[in-house]
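Okay, target.pdb now, which holds PDB, C-alpha atoms:
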```
ATOM      1  CA  MET A1228      93.100  80.938 115.089  1.00  0.00           C
ATOM      2  CA  GLY A1229      95.491  83.767 114.213  1.00  0.00           C
ATOM      3  CA  LYS A1230      95.446  87.365 115.325  1.00  0.00           C
ATOM      4  CA  ILE A1231      93.133  89.762 113.528  1.00  0.00           C
ATOM      5  CA  ASN A1232      96.043  92.017 112.616  1.00  0.00           C
ATOM      6  CA  ASP A1233      98.251  89.444 110.888  1.00  0.00           C
ATOM      7  CA  VAL A1234      98.531  88.593 107.213  1.00  0.00           C
ATOM      8  CA  SER A1235      96.690  85.263 107.482  1.00  0.00           C
ATOM      9  CA  PHE A1236      93.537  87.105 108.592  1.00  0.00           C
ATOM     10  CA  PHE A1237      93.551  89.549 105.640  1.00  0.00           C
ATOM     11  CA  LYS A1238      94.778  87.183 102.916  1.00  0.00           C
ATOM     12  CA  PRO A1239      91.355  85.499 102.359  1.00  0.00           C
ATOM     13  CA  PHE A1240      89.823  88.923 101.618  1.00  0.00           C
ATOM     14  CA  VAL A1241      92.580  89.731  99.097  1.00  0.00           C
ATOM     15  CA  LEU A1242      92.265  86.363  97.357  1.00  0.00           C
ATOM     16  CA  GLY A1243      88.466  86.575  97.476  1.00  0.00           C
ATOM     17  CA  ALA A1244      88.476  90.006  95.809  1.00  0.00           C
ATOM     18  CA  ILE A1245      90.903  88.948  93.072  1.00  0.00           C
ATOM     19  CA  GLN A1246      88.937  85.763  92.318  1.00  0.00           C
ATOM     20  CA  THR A1247      85.491  87.384  92.528  1.00  0.00           C
ATOM     21  CA  LEU A1248      86.340  90.273  90.207  1.00  0.00           C
ATOM     22  CA  LYS A1249      87.984  87.898  87.730  1.00  0.00           C
ATOM     23  CA  VAL A1250      85.108  85.392  87.637  1.00  0.00           C
ATOM     24  CA  GLN A1251      82.073  87.660  88.118  1.00  0.00           C
ATOM     25  CA  CYS A1252      83.302  90.746  86.264  1.00  0.00           C
ATOM     26  CA  SER A1253      85.986  89.546  83.826  1.00  0.00           C
ATOM     27  CA  THR A1254      88.250  92.093  85.508  1.00  0.00           C
ATOM     28  CA  GLU A1255      91.827  91.352  86.456  1.00  0.00           C
ATOM     29  CA  VAL A1256      92.952  93.122  89.601  1.00  0.00           C
ATOM     30  CA  LYS A1257      96.301  93.032  91.315  1.00  0.00           C
ATOM     31  CA  GLY A1258      96.632  93.311  95.070  1.00  0.00           C
ATOM     32  CA  LEU A1259      98.877  96.194  96.075  1.00  0.00           C
ATOM     33  CA  LYS A1260     100.785  96.557  99.336  1.00  0.00           C
ATOM     34  CA  PRO A1261      98.362  96.770 102.300  1.00  0.00           C
ATOM     35  CA  PHE A1262      98.776  99.599 104.789  1.00  0.00           C
ATOM     36  CA  TYR A1263      97.197 100.873 107.960  1.00  0.00           C
ATOM     37  CA  LYS A1264      94.680 103.654 107.455  1.00  0.00           C
ATOM     38  CA  GLY A1265      96.354 107.004 108.021  1.00  0.00           C
ATOM     39  CA  GLU A1266      99.830 105.849 106.947  1.00  0.00           C
ATOM     40  CA  LYS A1267      99.310 107.315 103.496  1.00  0.00           C
ATOM     41  CA  GLU A1268      96.723 109.335 101.651  1.00  0.00           C
ATOM     42  CA  GLN A1269      93.816 107.361 100.260  1.00  0.00           C
ATOM     43  CA  PRO A1270      91.871 108.556  97.287  1.00  0.00           C
ATOM     44  CA  PRO A1271      88.222 109.344  97.973  1.00  0.00           C
ATOM     45  CA  PHE A1272      85.560 107.037  96.561  1.00  0.00           C
ATOM     46  CA  ASP A1273      82.032 107.447  95.246  1.00  0.00           C
ATOM     47  CA  ILE A1274      80.311 104.185  96.217  1.00  0.00           C
ATOM     48  CA  ALA A1275      80.984 101.578  98.872  1.00  0.00           C
ATOM     49  CA  SER A1276      79.387  98.483 100.268  1.00  0.00           C
ATOM     50  CA  ILE A1277      79.827  97.816 104.000  1.00  0.00           C
ATOM     51  CA  ILE A1278      79.276  94.662 106.037  1.00  0.00           C
ATOM     52  CA  SER A1279      79.304  94.639 109.814  1.00  0.00           C
ATOM     53  CA  LEU A1280      81.479  91.818 111.158  1.00  0.00           C
ATOM     54  CA  GLN A1281      80.641  89.880 114.294  1.00  0.00           C
ATOM     55  CA  SER A1282      82.443  86.775 115.436  1.00  0.00           C
ATOM     56  CA  ASN A1283      83.561  84.846 118.471  1.00  0.00           C
ATOM     57  CA  ALA A1284      86.889  86.702 118.364  1.00  0.00           C
ATOM     58  CA  PHE A1285      86.308  90.140 116.827  1.00  0.00           C
ATOM     59  CA  VAL A1286      83.842  92.827 115.739  1.00  0.00           C
ATOM     60  CA  GLY A1287      84.233  95.390 113.004  1.00  0.00           C
ATOM     61  CA  THR A1288      83.446  96.172 109.386  1.00  0.00           C
ATOM     62  CA  ILE A1289      84.604  95.321 105.900  1.00  0.00           C
ATOM     63  CA  THR A1290      84.106  98.049 103.305  1.00  0.00           C
ATOM     64  CA  LEU A1291      84.598  97.691  99.552  1.00  0.00           C
ATOM     65  CA  CYS A1292      85.220 101.170  98.075  1.00  0.00           C
ATOM     66  CA  TYR A1293      85.229 102.301  94.444  1.00  0.00           C
ATOM     67  CA  PRO A1294      85.715 105.557  92.574  1.00  0.00           C
ATOM     68  CA  ALA A1295      82.786 106.010  90.160  1.00  0.00           C
ATOM     69  CA  ASN A1296      84.787 105.273  86.974  1.00  0.00           C
ATOM     70  CA  VAL A1297      86.160 102.005  88.392  1.00  0.00           C
ATOM     71  CA  PHE A1298      82.751 100.882  89.668  1.00  0.00           C
ATOM     72  CA  LEU A1299      81.035 101.689  86.363  1.00  0.00           C
ATOM     73  CA  HIS A1300      83.729  99.800  84.425  1.00  0.00           C
ATOM     74  CA  ILE A1301      83.378  96.738  86.674  1.00  0.00           C
ATOM     75  CA  MET A1302      79.562  96.782  86.510  1.00  0.00           C
ATOM     76  CA  SER A1303      79.679  97.202  82.719  1.00  0.00           C
ATOM     77  CA  LYS A1304      81.885  94.120  82.428  1.00  0.00           C
ATOM     78  CA  MET A1305      79.806  92.170  84.946  1.00  0.00           C
ATOM     79  CA  LEU A1306      76.466  92.927  83.300  1.00  0.00           C
ATOM     80  CA  GLY A1307      77.587  93.102  79.674  1.00  0.00           C
ATOM     81  CA  GLU A1308      76.382  96.609  78.872  1.00  0.00           C
ATOM     82  CA  GLU A1309      77.850 100.091  79.131  1.00  0.00           C
ATOM     83  CA  PHE A1310      76.958 102.169  82.211  1.00  0.00           C
ATOM     84  CA  THR A1311      77.785 105.860  82.555  1.00  0.00           C
ATOM     85  CA  GLU A1312      76.141 106.687  85.875  1.00  0.00           C
ATOM     86  CA  ILE A1313      75.601 104.932  89.180  1.00  0.00           C
ATOM     87  CA  THR A1314      71.938 104.063  89.689  1.00  0.00           C
ATOM     88  CA  GLU A1315      70.077 102.319  92.498  1.00  0.00           C
ATOM     89  CA  ASP A1316      69.961  99.156  90.378  1.00  0.00           C
ATOM     90  CA  LEU A1317      73.755  99.200  90.040  1.00  0.00           C
ATOM     91  CA  GLU A1318      74.133  99.633  93.809  1.00  0.00           C
ATOM     92  CA  ASP A1319      72.921  96.043  94.126  1.00  0.00           C
ATOM     93  CA  GLY A1320      76.029  94.986  92.199  1.00  0.00           C
ATOM     94  CA  ALA A1321      78.275  96.539  94.843  1.00  0.00           C
ATOM     95  CA  SER A1322      76.440  94.591  97.558  1.00  0.00           C
ATOM     96  CA  GLU A1323      76.579  91.367  95.578  1.00  0.00           C
ATOM     97  CA  LEU A1324      80.327  91.595  94.974  1.00  0.00           C
ATOM     98  CA  LEU A1325      81.033  92.258  98.637  1.00  0.00           C
ATOM     99  CA  ASN A1326      78.767  89.352  99.619  1.00  0.00           C
ATOM    100  CA  ILE A1327      80.745  86.998  97.380  1.00  0.00           C
ATOM    101  CA  ILE A1328      84.137  88.253  98.628  1.00  0.00           C
ATOM    102  CA  PHE A1329      82.937  88.032 102.242  1.00  0.00           C
ATOM    103  CA  GLY A1330      81.575  84.516 101.665  1.00  0.00           C
ATOM    104  CA  GLN A1331      84.890  83.282 100.279  1.00  0.00           C
ATOM    105  CA  ALA A1332      86.881  84.839 103.119  1.00  0.00           C
ATOM    106  CA  LYS A1333      84.389  83.548 105.694  1.00  0.00           C
ATOM    107  CA  ARG A1334      84.876  79.945 104.513  1.00  0.00           C
ATOM    108  CA  VAL A1335      88.639  80.208 104.984  1.00  0.00           C
ATOM    109  CA  LEU A1336      88.395  81.967 108.344  1.00  0.00           C
ATOM    110  CA  THR A1337      85.813  79.449 109.596  1.00  0.00           C
ATOM    111  CA  ASN A1338      88.338  76.686 108.886  1.00  0.00           C
ATOM    112  CA  GLU A1339      90.793  78.627 111.061  1.00  0.00           C
ATOM    113  CA  GLY A1340      88.395  78.648 114.020  1.00  0.00           C
ATOM    114  CA  TYR A1341      86.516  81.923 113.617  1.00  0.00           C
ATOM    115  CA  VAL A1342      82.738  81.795 113.951  1.00  0.00           C
ATOM    116  CA  ILE A1343      81.499  84.687 111.818  1.00  0.00           C
ATOM    117  CA  GLU A1344      77.856  85.740 111.732  1.00  0.00           C
ATOM    118  CA  LYS A1345      76.025  86.419 108.481  1.00  0.00           C
ATOM    119  CA  ALA A1346      75.536  90.067 107.609  1.00  0.00           C
ATOM    120  CA  ILE A1347      73.695  92.173 105.040  1.00  0.00           C
ATOM    121  CA  PRO A1348      75.625  94.876 103.174  1.00  0.00           C
ATOM    122  CA  THR A1349      74.758  98.539 103.348  1.00  0.00           C
ATOM    123  CA  ILE A1350      75.522 100.896 100.461  1.00  0.00           C
ATOM    124  CA  ILE A1351      76.824 104.436 100.739  1.00  0.00           C
ATOM    125  CA  ARG A1352      77.060 106.646  97.697  1.00  0.00           C
ATOM    126  CA  GLY A1353      78.155 110.220  97.173  1.00  0.00           C
ATOM    127  CA  LYS A1354      80.983 112.295  95.789  1.00  0.00           C
ATOM    128  CA  ASP A1355      84.507 112.088  97.220  1.00  0.00           C
ATOM    129  CA  LEU A1356      83.561 109.978 100.261  1.00  0.00           C
ATOM    130  CA  ARG A1357      85.927 108.877 103.023  1.00  0.00           C
ATOM    131  CA  THR A1358      85.480 106.455 105.903  1.00  0.00           C
ATOM    132  CA  ARG A1359      86.171 106.819 109.602  1.00  0.00           C
ATOM    133  CA  SER A1360      86.465 103.780 111.832  1.00  0.00           C
ATOM    134  CA  GLN A1361      84.853 103.351 115.225  1.00  0.00           C
ATOM    135  CA  THR A1362      87.285 100.606 116.275  1.00  0.00           C
ATOM    136  CA  LYS A1363      90.238 101.038 118.637  1.00  0.00           C
ATOM    137  CA  GLU A1364      92.545  99.235 116.199  1.00  0.00           C
ATOM    138  CA  LYS A1365      93.658 101.031 113.042  1.00  0.00           C
ATOM    139  CA  PRO A1366      91.854  99.700 109.977  1.00  0.00           C
ATOM    140  CA  ILE A1367      93.925  97.979 107.326  1.00  0.00           C
ATOM    141  CA  VAL A1368      93.535  99.093 103.726  1.00  0.00           C
ATOM    142  CA  LEU A1369      93.846  96.451 101.016  1.00  0.00           C
ATOM    143  CA  PRO A1370      94.318  98.354  97.738  1.00  0.00           C
ATOM    144  CA  PHE A1371      93.845  96.793  94.309  1.00  0.00           C
ATOM    145  CA  ASP A1372      94.905  97.978  90.894  1.00  0.00           C
ATOM    146  CA  ALA A1373      92.165  97.349  88.319  1.00  0.00           C
ATOM    147  CA  GLU A1374      92.336  98.008  84.581  1.00  0.00           C
ATOM    148  CA  VAL A1375      90.953 101.542  84.939  1.00  0.00           C
ATOM    149  CA  GLY A1376      92.108 102.610  88.400  1.00  0.00           C
ATOM    150  CA  GLU A1377      92.276 101.576  92.023  1.00  0.00           C
ATOM    151  CA  LEU A1378      89.665 100.273  94.412  1.00  0.00           C
ATOM    152  CA  HIS A1379      90.186  99.150  97.980  1.00  0.00           C
ATOM    153  CA  ILE A1380      88.867  97.137 100.880  1.00  0.00           C
ATOM    154  CA  GLU A1381      89.068  98.544 104.393  1.00  0.00           C
ATOM    155  CA  ILE A1382      88.898  96.129 107.282  1.00  0.00           C
ATOM    156  CA  ALA A1383      88.356  97.577 110.729  1.00  0.00           C
ATOM    157  CA  ALA A1384      88.315  94.918 113.423  1.00  0.00           C
ATOM    158  CA  GLU A1385      89.059  94.624 117.099  1.00  0.00           C
ATOM    159  CA  THR A1386      89.110  91.676 119.437  1.00  0.00           C
ATOM    160  CA  VAL A1387      86.210  91.130 121.818  1.00  0.00           C
TER
END
```
Once more with this new file: its structure as structure tokens, please.
Amino acid sequence: MGKINDVSFFKPFVLGAIQTLKVQCSTEVKGLKPFYKGEKEQPPFDIASIISLQSNAFVGTITLCYPANVFLHIMSKMLGEEFTEITEDLEDGASELLNIIFGQAKRVLTNEGYVIEKAIPTIIRGKDLRTRSQTKEKPIVLPFDAEVGELHIEIAAETV
């Protein structure tokens, strides 16, 4: 079992996001250089799905954040019709994508000795949102370049 702040811990989330968006949404994304929250300016987002993480080794959150135009593009490709506004029905898509990414990462991390509890995503939606972590460790930001802009995953975790 590695440390929660090394590359091997975050890599399954990066690979899970790339694979999930490609398969589920016909959207190619490229992982950009990860950074610790606060090291550089992050763009605000308009919708995010959050899962609380609990394991034998750490607690924290994983948050998948999208600007509205990126989210609408991804949902349009996923569902095969054009969307121009975020609705409650589309919010379910944000939860579903995070569930799939989390599930893929969880399988890899379980093989590395982590015992991670199941969790249900929560959605937040608004204009120009930002997150603030409640963990002692600085969250890591995993940015991705999609066809129409950037989205990112924030992972805030601390050992227990």
Run the PyMOL selection byres ((chain A and resi 1256) around 6) on the file and write out the hits as a PyMOL selection string. chain A and resi 1245+1255+1257+1372-1373
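Minimum atom-to-atom distance to Asp1355 in chain A, evaluated using only C-alpha atoms, belongs to A:Pro1294 out of A:Glu1266, A:Pro1239, A:Cys1252, A:Pro1294.
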Here is a test: counting all atoms listed in the file, which residue of A:Leu1299, A:Met1305, A:Leu1248, A:Ile1351 is nearest to Ile1278 in chain A? A:Ile1351
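Nearest to Ile1380 in chain A of all the residues A:Gly1287, A:Pro1366, A:Gly1353, A:Pro1348 is A:Pro1366, counting only C-alpha atoms.
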When you look at Ala1284 in chain A with a cut-off of 12 Å (counting only C-alpha atoms), what residues show up, excluding the ones that are within fewer than 2 positions of it in the same chain? I need them as a PyMOL selection string. chain A and resi 1228-1231+1236+1280-1282+1286-1287+1336-1337+1339-1344+1384-1387
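Using all atoms listed in the file, every residue with an atom at most 9 Å from the point (85.8, 86.4, 95.1) is listed here: Phe1240, Val1241, Leu1242, Gly1243, Ala1244, Ile1245, Gln1246, Thr1247, Leu1248, Lys1249, Val1250, Gln1251, Leu1324, Leu1325, Asn1326, Ile1327, Ile1328, Phe1329, Gly1330, Gln1331 and Ala1332 of chain A.
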Could you spell out the hits of the PyMOL selection byres ((chain A and resi 1303) around 12) on the shown file, as a list in words? Gln1251, Cys1252, Ser1253, Thr1254, Ala1295, Asn1296, Val1297, Phe1298, Leu1299, His1300, Ile1301, Met1302, Lys1304, Met1305, Leu1306, Gly1307, Glu1308, Glu1309, Phe1310, Thr1311, Glu1312, Ile1313, Leu1317 and Gly1320 of chain A
